[in-house]
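A.B. asks: Attaching a single structure in structure tokens format; questions to follow.
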Amino acid sequence: MEIRLTGPADHGEWLSLWNRYCADQGVGLSTKVSETIWQRIEDPDDKTKALVAVDASGVTLAFLNYIIHPYTWSDRMLCFVVDLYVDHPWRRRGIAEAMIAHLAAEGRREGWLRLYWNTDRSNERARALHDKIARLSPYLSYFLDL
Ligand SMILES: CC(C)(COP(=O)(O)OP(=O)(O)OC[C@H]1O[C@@H](n2cnc3c(N)ncnc32)[C@H](O)[C@@H]1OP(=O)(O)O)[C@@H](O)C(=O)NCCC(=O)NCCS
């Protein structure tokens with residue numbers, strides 16, 4: 001298995017997994033929104049990026065979308081891990097853990113301060129993963145919808 005940044009040729013496979021992930025999360029996005037996200041991922045000037053895990057035969061097993069951004073409590077960048085999805089047949093093989101480790105290694109090379117992410121309280125699978133590899137934030141998230 002290879003973990004790497006996406007390129008233009010990954011569009012179809014990323015979109016197919018993205019649609020499954022959105023359905024899984026109960027998020028209904030229009031085609032236009034999904035295409036805009038992909039364009040940002042592929043725009044070298046945008047801070048939205050995606051990793052994919054691809055097997056030896058070229059099948060995409062998983063993706064991880066992230067956004068790098070500045071922070072006021074440090075001169076180092078933060079990395080928001082927005083989405084992480086491993087396709088059903090490939091779960092419990094260490095792929096998600098490997099993708100986060102890959103991103104963390106990149107962040108250490110680039111001098112980022114930390115990775116962070118949100119997780120639904122009821123998502124026990126994801127929480128089991130996160131409890132294994134990271135520490136629980138002391139902060140609560142609030143939304144003011146616009
Ligand atoms: C959550 C998710 C990304 C985990 O991916 P994965 O590749 O299966 O996870 P890994 O195999 O790397 O698991 C690493 C560790 O996490 C924990 N874990 C992962 N899935 C688990 C499960 N179903 N039950 C219990 N623990 C689990 C275990 O501690 C596991 O280590 P172990 O197998 O040595 O015991 C995957 O289930 C998924 O895509 N779910 C749907 C989308 C989602 O919820 N994304 C996360 C949003 S924050």
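Following the order of the structure tokens, chains are lettered A, B, ..., residues in each are numbered from 1, and ligands are numbered from 1.
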Show me a table, sorted first by chain and then by increasing residue number, of the residues of chain A having an atom at most 9 Å from ligand 1, each with its shortest atom pair and the distance in Å to one decimal, counting only C-alpha atoms and all ligand atoms and written as a Markdown table.
C.D. replies:
```
| residue | atom | partner | partner_atom_place_in_ligand_line | distance |
| --- | --- | --- | --- | --- |
| A:Tyr21 | CA | ligand 1 | 42 (C) | 6.2 |
| A:Cys22 | CA | ligand 1 | 42 (C) | 8.8 |
| A:Asp24 | CA | ligand 1 | 41 (C) | 6.7 |
| A:Gln25 | CA | ligand 1 | 42 (C) | 7.1 |
| A:Ala62 | CA | ligand 1 | 39 (O) | 7.5 |
| A:Phe63 | CA | ligand 1 | 39 (O) | 8.7 |
| A:Leu64 | CA | ligand 1 | 3 (C) | 8.9 |
| A:Val81 | CA | ligand 1 | 48 (S) | 8.3 |
| A:Val82 | CA | ligand 1 | 48 (S) | 7.6 |
| A:Asp83 | CA | ligand 1 | 47 (C) | 6.0 |
| A:Leu84 | CA | ligand 1 | 45 (N) | 4.7 |
| A:Tyr85 | CA | ligand 1 | 39 (O) | 3.5 |
| A:Val86 | CA | ligand 1 | 39 (O) | 3.8 |
| A:Asp87 | CA | ligand 1 | 39 (O) | 6.2 |
| A:His88 | CA | ligand 1 | 39 (O) | 7.2 |
| A:Trp90 | CA | ligand 1 | 7 (O) | 6.7 |
| A:Arg91 | CA | ligand 1 | 8 (O) | 3.4 |
| A:Arg92 | CA | ligand 1 | 11 (O) | 3.3 |
| A:Arg93 | CA | ligand 1 | 11 (O) | 4.2 |
| A:Gly94 | CA | ligand 1 | 12 (O) | 3.2 |
| A:Ile95 | CA | ligand 1 | 7 (O) | 4.0 |
| A:Ala96 | CA | ligand 1 | 12 (O) | 3.8 |
| A:Glu97 | CA | ligand 1 | 12 (O) | 3.8 |
| A:Ala98 | CA | ligand 1 | 12 (O) | 6.3 |
| A:Met99 | CA | ligand 1 | 12 (O) | 8.0 |
| A:Ile100 | CA | ligand 1 | 12 (O) | 8.7 |
| A:Trp117 | CA | ligand 1 | 48 (S) | 6.9 |
| A:Asn118 | CA | ligand 1 | 48 (S) | 6.0 |
| A:Thr119 | CA | ligand 1 | 48 (S) | 4.4 |
| A:Asp120 | CA | ligand 1 | 48 (S) | 6.8 |
| A:Asn123 | CA | ligand 1 | 44 (O) | 6.2 |
| A:Glu124 | CA | ligand 1 | 24 (N) | 7.0 |
| A:Arg125 | CA | ligand 1 | 22 (C) | 4.1 |
| A:Ala126 | CA | ligand 1 | 1 (C) | 3.8 |
| A:Arg127 | CA | ligand 1 | 1 (C) | 7.5 |
| A:Ala128 | CA | ligand 1 | 17 (C) | 4.5 |
| A:Leu129 | CA | ligand 1 | 16 (O) | 3.1 |
| A:His130 | CA | ligand 1 | 16 (O) | 6.8 |
| A:Asp131 | CA | ligand 1 | 29 (O) | 7.7 |
| A:Lys132 | CA | ligand 1 | 29 (O) | 5.7 |
| A:Ile133 | CA | ligand 1 | 15 (C) | 8.1 |
```
A.B. asks: Take the selection from the previous step and output its residues with C-alpha atoms, as a PDB file, in the first residue's frame.
C.D. replies:
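Writing the result to again_6.pdb gives the following:
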```pdb
ATOM      1  CA  TYR A  21     -18.253   8.893   3.065  1.00  0.00           C
ATOM      2  CA  CYS A  22     -20.841  11.695   2.766  1.00  0.00           C
ATOM      3  CA  ASP A  24     -22.101   7.407   5.725  1.00  0.00           C
ATOM      4  CA  GLN A  25     -21.969  10.722   7.589  1.00  0.00           C
ATOM      5  CA  ALA A  62      -9.013   5.353   1.751  1.00  0.00           C
ATOM      6  CA  PHE A  63      -8.706   9.130   1.721  1.00  0.00           C
ATOM      7  CA  LEU A  64      -7.892  11.853   4.228  1.00  0.00           C
ATOM      8  CA  VAL A  81      -7.935  16.845   9.499  1.00  0.00           C
ATOM      9  CA  VAL A  82     -11.405  17.374   8.061  1.00  0.00           C
ATOM     10  CA  ASP A  83     -12.347  13.977   6.628  1.00  0.00           C
ATOM     11  CA  LEU A  84     -11.018  10.456   6.997  1.00  0.00           C
ATOM     12  CA  TYR A  85     -12.570   7.444   5.321  1.00  0.00           C
ATOM     13  CA  VAL A  86     -11.437   3.856   4.841  1.00  0.00           C
ATOM     14  CA  ASP A  87     -13.586   1.804   2.468  1.00  0.00           C
ATOM     15  CA  HIS A  88     -15.421  -1.020   4.263  1.00  0.00           C
ATOM     16  CA  TRP A  90     -10.166  -2.549   4.176  1.00  0.00           C
ATOM     17  CA  ARG A  91     -11.045  -1.552   7.730  1.00  0.00           C
ATOM     18  CA  ARG A  92      -9.191  -2.776  10.836  1.00  0.00           C
ATOM     19  CA  ARG A  93      -5.962  -3.217   8.870  1.00  0.00           C
ATOM     20  CA  GLY A  94      -4.232  -0.135  10.252  1.00  0.00           C
ATOM     21  CA  ILE A  95      -4.869   2.071   7.196  1.00  0.00           C
ATOM     22  CA  ALA A  96      -6.381   5.058   9.060  1.00  0.00           C
ATOM     23  CA  GLU A  97      -3.635   4.932  11.658  1.00  0.00           C
ATOM     24  CA  ALA A  98      -1.004   4.780   8.898  1.00  0.00           C
ATOM     25  CA  MET A  99      -2.555   7.764   7.072  1.00  0.00           C
ATOM     26  CA  ILE A 100      -2.522   9.929  10.185  1.00  0.00           C
ATOM     27  CA  TRP A 117      -9.920  17.080  14.160  1.00  0.00           C
ATOM     28  CA  ASN A 118     -13.567  16.861  15.262  1.00  0.00           C
ATOM     29  CA  THR A 119     -15.331  13.589  15.889  1.00  0.00           C
ATOM     30  CA  ASP A 120     -18.984  12.893  16.465  1.00  0.00           C
ATOM     31  CA  ASN A 123     -18.717   7.594  16.452  1.00  0.00           C
ATOM     32  CA  GLU A 124     -17.257   4.827  18.594  1.00  0.00           C
ATOM     33  CA  ARG A 125     -15.057   3.331  15.846  1.00  0.00           C
ATOM     34  CA  ALA A 126     -13.402   6.668  15.158  1.00  0.00           C
ATOM     35  CA  ARG A 127     -13.096   7.497  18.844  1.00  0.00           C
ATOM     36  CA  ALA A 128     -11.364   4.163  19.466  1.00  0.00           C
ATOM     37  CA  LEU A 129      -8.839   5.110  16.779  1.00  0.00           C
ATOM     38  CA  HIS A 130      -8.361   8.657  18.062  1.00  0.00           C
ATOM     39  CA  ASP A 131      -8.042   7.565  21.712  1.00  0.00           C
ATOM     40  CA  LYS A 132      -5.245   5.239  20.604  1.00  0.00           C
ATOM     41  CA  ILE A 133      -3.166   7.832  18.748  1.00  0.00           C
TER      42      ILE A 133
END
```
A.B. asks: Taking the DSSP secondary structure from the backbone, can you list the residues of region 57-108 of chain A that are strand (DSSP E), as a list in words?
C.D. replies: Thr60, Leu61, Ala62, Phe63, Leu64, Asn65, Tyr66, Ile67, Ile68, His69, Leu78, Cys79, Phe80, Val81, Val82, Asp83, Leu84, Tyr85 and Val86 of chain A
A.B. asks: With C-alpha atoms retained, write the just-selected residues as a compact mmCIF listing (two decimals), in the first residue's frame.
C.D. replies:
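In the end it all went to result_20.txt:
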```txt
# COMPACT_ATOMS: atom_id res chain seq x y z
CA THR A 60 -7.95 3.46 -3.75
CA LEU A 61 -8.66 2.14 -0.25
CA ALA A 62 -9.01 5.35 1.75
CA PHE A 63 -8.71 9.13 1.72
CA LEU A 64 -7.89 11.85 4.23
CA ASN A 65 -8.73 15.52 3.49
CA TYR A 66 -6.91 18.23 5.44
CA ILE A 67 -6.43 22.00 5.57
CA ILE A 68 -3.29 23.75 6.76
CA HIS A 69 -3.86 27.15 8.35
CA LEU A 78 -2.07 23.96 12.37
CA CYS A 79 -3.45 21.10 10.31
CA PHE A 80 -7.19 20.45 10.47
CA VAL A 81 -7.94 16.84 9.50
CA VAL A 82 -11.40 17.37 8.06
CA ASP A 83 -12.35 13.98 6.63
CA LEU A 84 -11.02 10.46 7.00
CA TYR A 85 -12.57 7.44 5.32
CA VAL A 86 -11.44 3.86 4.84
```
A.B. asks: Kindly give the distance, in Å, that separates CA of Gly107 (chain A) and CA of Arg20 (chain A), rounded to a single decimal.
C.D. replies: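 One can read the CA of Gly107 (chain A) to CA of Arg20 (chain A) distance as 27.7 Å.
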A.B. asks: When you count only C-alpha atoms, which of these residues is closest to Ala134 (chain A): A:Ala101, A:Leu146, A:Ile41, A:Val54?
C.D. replies: A:Ala101
A.B. asks: Rounded to one decimal, what separation in Å do you get between CA of Ser57 (chain A) and CA of Glu106 (chain A)?
C.D. replies: 25.0 Å
A.B. asks: Could you please determine the separation between CA of Ser141 (chain A) and CA of Asp45 (chain A) in Å, to one decimal place?
C.D. replies: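 Separating CA of Ser141 (chain A) from CA of Asp45 (chain A) is a distance of 28.2 Å.
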A.B. asks: From the list A:Tyr71, A:Arg109, A:Arg4, A:Val59, which residue is nearest Pro89 (chain A) when using only C-alpha atoms?
C.D. replies: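 Among the listed residues, the smallest separation from Pro89 (chain A) belongs to A:Val59.
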A.B. asks: Using backbone DSSP assignments, extract all alpha helix (DSSP H) residues from region 18-139 of chain A; output them as a PyMOL selection string.
C.D. replies: chain A and resi 18-25+31-42+95-110+124-133
A.B. asks: Can you spit out the residues from that selection as a PDB file, in the first residue's frame, using C-alpha atoms?
C.D. replies:
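part.pdb was written with the following content:
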```pdb
ATOM      1  CA  TRP A  18     -16.133  10.835  -1.009  1.00  0.00           C
ATOM      2  CA  ASN A  19     -19.742  10.139  -2.006  1.00  0.00           C
ATOM      3  CA  ARG A  20     -19.751   6.977   0.133  1.00  0.00           C
ATOM      4  CA  TYR A  21     -18.253   8.893   3.065  1.00  0.00           C
ATOM      5  CA  CYS A  22     -20.841  11.695   2.766  1.00  0.00           C
ATOM      6  CA  ALA A  23     -23.662   9.121   2.682  1.00  0.00           C
ATOM      7  CA  ASP A  24     -22.101   7.407   5.725  1.00  0.00           C
ATOM      8  CA  GLN A  25     -21.969  10.722   7.589  1.00  0.00           C
ATOM      9  CA  THR A  31     -22.220  17.728  -7.266  1.00  0.00           C
ATOM     10  CA  LYS A  32     -21.161  21.377  -7.571  1.00  0.00           C
ATOM     11  CA  VAL A  33     -19.943  21.522  -3.966  1.00  0.00           C
ATOM     12  CA  SER A  34     -18.055  18.214  -4.289  1.00  0.00           C
ATOM     13  CA  GLU A  35     -16.400  19.421  -7.501  1.00  0.00           C
ATOM     14  CA  THR A  36     -15.384  22.688  -5.832  1.00  0.00           C
ATOM     15  CA  ILE A  37     -13.752  20.745  -2.981  1.00  0.00           C
ATOM     16  CA  TRP A  38     -11.842  18.619  -5.506  1.00  0.00           C
ATOM     17  CA  GLN A  39     -10.700  21.730  -7.414  1.00  0.00           C
ATOM     18  CA  ARG A  40      -9.377  23.191  -4.150  1.00  0.00           C
ATOM     19  CA  ILE A  41      -7.532  19.955  -3.358  1.00  0.00           C
ATOM     20  CA  GLU A  42      -5.880  20.051  -6.772  1.00  0.00           C
ATOM     21  CA  ILE A  95      -4.869   2.071   7.196  1.00  0.00           C
ATOM     22  CA  ALA A  96      -6.381   5.058   9.060  1.00  0.00           C
ATOM     23  CA  GLU A  97      -3.635   4.932  11.658  1.00  0.00           C
ATOM     24  CA  ALA A  98      -1.004   4.780   8.898  1.00  0.00           C
ATOM     25  CA  MET A  99      -2.555   7.764   7.072  1.00  0.00           C
ATOM     26  CA  ILE A 100      -2.522   9.929  10.185  1.00  0.00           C
ATOM     27  CA  ALA A 101       1.062   8.831  10.933  1.00  0.00           C
ATOM     28  CA  HIS A 102       2.007   9.767   7.349  1.00  0.00           C
ATOM     29  CA  LEU A 103       0.459  13.226   7.738  1.00  0.00           C
ATOM     30  CA  ALA A 104       2.100  13.700  11.141  1.00  0.00           C
ATOM     31  CA  ALA A 105       5.493  12.868   9.624  1.00  0.00           C
ATOM     32  CA  GLU A 106       4.875  15.456   6.892  1.00  0.00           C
ATOM     33  CA  GLY A 107       3.853  17.994   9.553  1.00  0.00           C
ATOM     34  CA  ARG A 108       7.029  17.377  11.564  1.00  0.00           C
ATOM     35  CA  ARG A 109       9.120  17.921   8.428  1.00  0.00           C
ATOM     36  CA  GLU A 110       7.201  21.133   7.647  1.00  0.00           C
ATOM     37  CA  GLU A 124     -17.257   4.827  18.594  1.00  0.00           C
ATOM     38  CA  ARG A 125     -15.057   3.331  15.846  1.00  0.00           C
ATOM     39  CA  ALA A 126     -13.402   6.668  15.158  1.00  0.00           C
ATOM     40  CA  ARG A 127     -13.096   7.497  18.844  1.00  0.00           C
ATOM     41  CA  ALA A 128     -11.364   4.163  19.466  1.00  0.00           C
ATOM     42  CA  LEU A 129      -8.839   5.110  16.779  1.00  0.00           C
ATOM     43  CA  HIS A 130      -8.361   8.657  18.062  1.00  0.00           C
ATOM     44  CA  ASP A 131      -8.042   7.565  21.712  1.00  0.00           C
ATOM     45  CA  LYS A 132      -5.245   5.239  20.604  1.00  0.00           C
ATOM     46  CA  ILE A 133      -3.166   7.832  18.748  1.00  0.00           C
TER      47      ILE A 133
END
```
A.B. asks: For a quick check of understanding, using only C-alpha atoms, which of A:Leu15, A:Leu5, A:Met77, A:Val27 has the smallest distance to Lys49 (chain A)?
C.D. replies: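 Closest to Lys49 (chain A), using only C-alpha atoms: A:Leu5.
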